Amino acid sequence: MGTLYQEPPPFVQDLKVTILNSTLLFSPQESEKKSMFLSNIDQVLNFDVQTIHFFTENPDFPPKVAFKTIKNALEKILVPYYFLSGRIKLNHETGRLEIDCKNAGIGFVEASSEYKLEEFGDLVYPNPSFEQLVTKKMSDALKVDDHPLCIVQETGVMVVMLLMMNHVIMMTSFKCGGFAMGLQTNHAIFDGTSFKYFIQNLAALACDKPLALIPCNQREMLAARSPPRVTFPHPELLELKIPIGQEGESEQNPNVFDSPQDLDFKIFSLSENDILALKSKAKNENKGGRVTGFNVISALVWRCKALSLYHDGNIEDYKDKTSTFLFSVDIRSRLNPPLPTSFTGNAVLTAYATATCKELEEASLARLVELVSQGTSRMSDEYARSAIDWGELHKGFPHGEFLMSSWWRLGFNLVDYPWGNPKYCCPLIYHRKDIILLFPDIDETKGGVNVLVTLPNKEMIKFQALFKKYLSG
């Protein structure tokens, strides 16, 4: 049965990372200087996402050799991914963000840590100090005024950090001979799928192999129609007072996913058998209905999250309250014609499911799975185009009670580098009350999932009790 993840040992607070060297890398091939279109989906994702990829020691690839290999691969990958060495800018005439595809370079930083990888303990449990394994501001290291799109940093006995436009890779080696690769990526550049293919292509070039998948950089495929046609209501979207990227946005727009400071966070682990048992229960309750692992986990978590808000026992009218749960759907295969699998931009839209707390408390698991499934099936070609056109007219952002962000099954742990697969890959966690994360266990092949929940103390106590009740019931 699903369990609370074991309490972590005390975290290493200071990883003692020392920056040794910083430089800029440029594409060996000059490309046409032009601006790259960013879709309405890209426009609302102008924030950084950090991931960390841990590697154990490989005697054939000590950190210095591995970092040199990555450095060479990065220079090569800037030819097909030429936009990475550009910069995101605001076009004042159109009011839109776009990529200035100048070969301005990406950052590459070498650093060292005084720790061994095993001294960090369980890598699955989010450690705030992992923030030291990524570089967020290259201007301090490189003494430049602009901010590259990508930064890559490696930390350990030695660290190498790469900065690309809004994409940064930092390589950090450890005293044991292992190392970490920390990537900071502007979400406007990649979604999870296109980022996965970027990592696979980087690893392929490091292995002196052809690209695993030729990137498709035609972001105009997701341009709004002319004129825009909003043919569906979009309750999952909230219009902002000031468009994203314009002056005053951060002060006047609402924080869509805001959180109080005093929060508890816990990891709830579901094994493959737990997931299979939930799917079986849902199928038995609704003969013939399609039940996926994501949908059944979402139904369980949605129910617990919504009902955890009402923990005092004296709230009589809570059953009439409505809960809206948001999640992302990849639209590549849902459009007509479909987008290429290798489309590099953001090809995900926000789907939603809505129910009253009475229904969430009393309905069968199969019914809640059905509501989540309806959110996915709603995402037809016309619905997706309508949502994109809505963004052309209203400049908005996803809006709901909470968002489920899934890193599960992206397969970062399975990418094959010259020195082997990563021991573990994880996002750098910022605890937010209204964002719940799904991410894999150390051994991704086992099929289990970890659910990271962040809530105020009273809500967390209720969530934990509900999770146990509905999982075992």
# chains A, B, ... in the order shown; residues from 1 in each chain; ligands from 1
>>> select_by_dssp(residues="range 2-65 of chain A", states="helix (DSSP H, G or I)", output="ChimeraX atom specification")
/A:40-43,63-65
>>> write_last_selection(atoms="N, CA, C and O atoms", output="PDB file, in the first residue's frame")
ATOM      1  N   ASN A  40       1.666  31.661 -28.330  1.00  0.00           N
ATOM      2  CA  ASN A  40       0.952  32.130 -27.149  1.00  0.00           C
ATOM      3  C   ASN A  40       1.140  31.197 -25.962  1.00  0.00           C
ATOM      4  O   ASN A  40       0.996  31.627 -24.809  1.00  0.00           O
ATOM      5  N   ILE A  41       1.434  29.930 -26.229  1.00  0.00           N
ATOM      6  CA  ILE A  41       1.758  29.011 -25.128  1.00  0.00           C
ATOM      7  C   ILE A  41       3.123  29.376 -24.564  1.00  0.00           C
ATOM      8  O   ILE A  41       3.308  29.473 -23.346  1.00  0.00           O
ATOM      9  N   ASP A  42       4.118  29.587 -25.434  1.00  0.00           N
ATOM     10  CA  ASP A  42       5.452  29.988 -24.992  1.00  0.00           C
ATOM     11  C   ASP A  42       5.401  31.283 -24.186  1.00  0.00           C
ATOM     12  O   ASP A  42       6.123  31.436 -23.199  1.00  0.00           O
ATOM     13  N   GLN A  43       4.562  32.228 -24.632  1.00  0.00           N
ATOM     14  CA  GLN A  43       4.542  33.564 -24.038  1.00  0.00           C
ATOM     15  C   GLN A  43       4.283  33.532 -22.530  1.00  0.00           C
ATOM     16  O   GLN A  43       4.845  34.337 -21.781  1.00  0.00           O
ATOM     17  N   PRO A  63      35.764  13.300 -14.121  1.00  0.00           N
ATOM     18  CA  PRO A  63      35.046  14.542 -14.388  1.00  0.00           C
ATOM     19  C   PRO A  63      35.680  15.429 -15.452  1.00  0.00           C
ATOM     20  O   PRO A  63      34.961  15.949 -16.316  1.00  0.00           O
ATOM     21  N   LYS A  64      36.987  15.611 -15.435  1.00  0.00           N
ATOM     22  CA  LYS A  64      37.617  16.491 -16.429  1.00  0.00           C
ATOM     23  C   LYS A  64      37.341  16.004 -17.849  1.00  0.00           C
ATOM     24  O   LYS A  64      37.079  16.792 -18.748  1.00  0.00           O
ATOM     25  N   VAL A  65      37.404  14.695 -18.043  1.00  0.00           N
ATOM     26  CA  VAL A  65      37.155  14.130 -19.370  1.00  0.00           C
ATOM     27  C   VAL A  65      35.679  14.274 -19.731  1.00  0.00           C
ATOM     28  O   VAL A  65      35.331  14.653 -20.862  1.00  0.00           O
TER      29      VAL A  65
END
>>> atom_distance(atom1="CA of Leu371 in chain A", atom2="CA of Asn295 in chain A")
9.1 Å
>>> select_by_dssp(residues="range 219-425 of chain A", states="strand (DSSP E or B)", output="number ranges by chain")
A: 237-239, 264-270, 322-330, 343, 348-356, 396-398, 402-406, 417, 420, 424-425
>>> residues_around(residues="Cys207 in chain A", least_positions_apart="3", cutoff="7 Å", atoms="only C-alpha atoms", output="list in words")
Ala203, Ala204, Tyr417 and Pro418 of chain A
>>> residues_around(residues="Ala465 in chain A", least_positions_apart="5", cutoff="10 Å", atoms="only C-alpha atoms", output="ChimeraX atom specification")
/A:304,308,459-460,470
>>> write_last_selection(atoms="N, CA, C and O atoms", output="mmCIF file, in the first residue's frame")
data_model
loop_
_atom_site.group_PDB
_atom_site.id
_atom_site.type_symbol
_atom_site.label_atom_id
_atom_site.label_comp_id
_atom_site.auth_asym_id
_atom_site.auth_seq_id
_atom_site.Cartn_x
_atom_site.Cartn_y
_atom_site.Cartn_z
ATOM 1 N N CYS A 304 -8.111 14.108 -2.321
ATOM 2 C CA CYS A 304 -7.474 14.406 -1.030
ATOM 3 C C CYS A 304 -7.146 15.891 -0.900
ATOM 4 O O CYS A 304 -7.331 16.481 0.165
ATOM 5 N N SER A 308 -8.946 18.357 1.831
ATOM 6 C CA SER A 308 -8.039 18.750 2.918
ATOM 7 C C SER A 308 -8.222 20.210 3.317
ATOM 8 O O SER A 308 -7.811 20.617 4.407
ATOM 9 N N GLU A 459 -3.871 21.336 6.886
ATOM 10 C CA GLU A 459 -4.295 20.712 5.629
ATOM 11 C C GLU A 459 -3.482 19.451 5.338
ATOM 12 O O GLU A 459 -4.015 18.472 4.806
ATOM 13 N N MET A 460 -2.202 19.473 5.683
ATOM 14 C CA MET A 460 -1.359 18.302 5.451
ATOM 15 C C MET A 460 -1.817 17.122 6.303
ATOM 16 O O MET A 460 -1.849 15.971 5.841
ATOM 17 N N TYR A 470 -8.513 6.660 1.318
ATOM 18 C CA TYR A 470 -8.979 6.381 -0.044
ATOM 19 C C TYR A 470 -8.077 5.390 -0.783
ATOM 20 O O TYR A 470 -8.546 4.714 -1.706
#
>>> closest_residue(among="A:Phe37, A:Phe61, A:Tyr352, A:Phe54", to="Phe83 in chain A", atoms="only C-alpha atoms")
A:Phe37
>>> atom_distance(atom1="CA of Asp317 in chain A", atom2="CA of His399 in chain A")
23.2 Å
>>> residues_around(residues="Pro338 in chain A", least_positions_apart="6", cutoff="12 Å", atoms="only C-alpha atoms", output="list in words")
Met221, Leu222, Asp330, Ile331, Arg332, Ala347, Ser380, Asp381 and Ala384 of chain A
>>> atom_distance(atom1="CA of Ser364 in chain A", atom2="CA of Lys319 in chain A")
15.8 Å
>>> closest_residue(among="A:Glu75, A:Asp264, A:Asp14, A:Glu285", to="Phe120 in chain A", atoms="only C-alpha atoms")
A:Asp14
>>> closest_residue(among="A:Lys305, A:Arg432, A:Lys196, A:Arg385", to="Leu466 in chain A", atoms="only C-alpha atoms")
A:Lys305
>>> residues_around(residues="Ala351 in chain A", least_positions_apart="3", cutoff="10 Å", atoms="only C-alpha atoms", output="list in words")
His234, Pro235, Glu236, Leu237, Phe325, Leu326, Phe327, Ser328, Val329, Asp330, Val348, Val372, Ser373, Gln374, Gly375, Thr376, Ser377, Arg378, Met379, Ala384, Pro398 and Leu403 of chain A
>>> write_last_selection(atoms="N, CA and C atoms", output="CSV table (one decimal), in the first residue's frame")
chain,number,residue,atom,x,y,z
A,234,HIS,N,-13.3,28.9,-21.8
A,234,HIS,CA,-12.1,28.4,-21.3
A,234,HIS,C,-12.0,28.8,-19.8
A,235,PRO,N,-12.7,28.1,-19.0
A,235,PRO,CA,-12.7,28.4,-17.5
A,235,PRO,C,-11.3,28.1,-16.9
A,236,GLU,N,-10.5,27.4,-17.6
A,236,GLU,CA,-9.1,27.1,-17.1
A,236,GLU,C,-8.1,28.2,-17.3
A,237,LEU,N,-8.6,29.3,-17.9
A,237,LEU,CA,-7.7,30.4,-18.2
A,237,LEU,C,-8.2,31.7,-17.5
A,325,PHE,N,-9.2,21.3,-10.8
A,325,PHE,CA,-7.9,20.7,-10.9
A,325,PHE,C,-7.3,20.8,-12.3
A,326,LEU,N,-6.1,21.3,-12.4
A,326,LEU,CA,-5.4,21.6,-13.7
A,326,LEU,C,-4.3,20.6,-13.9
A,327,PHE,N,-4.1,20.2,-15.2
A,327,PHE,CA,-3.0,19.4,-15.6
A,327,PHE,C,-2.7,19.6,-17.1
A,328,SER,N,-1.5,19.3,-17.5
A,328,SER,CA,-1.0,19.5,-18.8
A,328,SER,C,-1.3,18.4,-19.8
A,329,VAL,N,-1.6,18.7,-21.0
A,329,VAL,CA,-1.9,17.7,-22.0
A,329,VAL,C,-1.0,18.0,-23.2
A,330,ASP,N,-0.2,17.1,-23.7
A,330,ASP,CA,0.6,17.2,-24.9
A,330,ASP,C,-0.3,17.2,-26.1
A,348,VAL,N,2.1,22.0,-25.1
A,348,VAL,CA,1.2,21.5,-24.0
A,348,VAL,C,0.2,22.6,-23.6
A,372,VAL,N,-11.4,13.3,-14.9
A,372,VAL,CA,-10.1,13.6,-15.4
A,372,VAL,C,-9.9,13.2,-16.8
A,373,SER,N,-10.4,12.1,-17.2
A,373,SER,CA,-10.4,11.6,-18.6
A,373,SER,C,-11.1,12.6,-19.6
A,374,GLN,N,-12.2,13.2,-19.1
A,374,GLN,CA,-12.9,14.1,-19.9
A,374,GLN,C,-12.1,15.4,-20.2
A,375,GLY,N,-11.3,15.8,-19.2
A,375,GLY,CA,-10.4,16.9,-19.3
A,375,GLY,C,-9.4,16.7,-20.4
A,376,THR,N,-8.9,15.4,-20.5
A,376,THR,CA,-8.0,15.0,-21.6
A,376,THR,C,-8.6,15.0,-22.9
A,377,SER,N,-9.8,14.3,-23.0
A,377,SER,CA,-10.5,14.1,-24.3
A,377,SER,C,-11.0,15.4,-24.8
A,378,ARG,N,-11.3,16.4,-23.9
A,378,ARG,CA,-11.8,17.7,-24.4
A,378,ARG,C,-10.8,18.4,-25.3
A,379,MET,N,-9.5,18.0,-25.2
A,379,MET,CA,-8.4,18.7,-25.9
A,379,MET,C,-8.3,18.2,-27.3
A,384,ALA,N,-7.9,23.0,-28.8
A,384,ALA,CA,-6.5,23.5,-28.7
A,384,ALA,C,-6.3,24.9,-29.4
A,398,PRO,N,-3.1,30.0,-16.8
A,398,PRO,CA,-3.9,28.9,-16.3
A,398,PRO,C,-4.4,29.3,-14.9
A,403,LEU,N,-2.5,22.8,-9.6
A,403,LEU,CA,-1.9,22.2,-10.8
A,403,LEU,C,-1.1,21.0,-10.5
>>> closest_residue(among="A:Tyr310, A:Tyr383, A:Trp302, A:Tyr125", to="Leu335 in chain A", atoms="only C-alpha atoms")
A:Tyr383
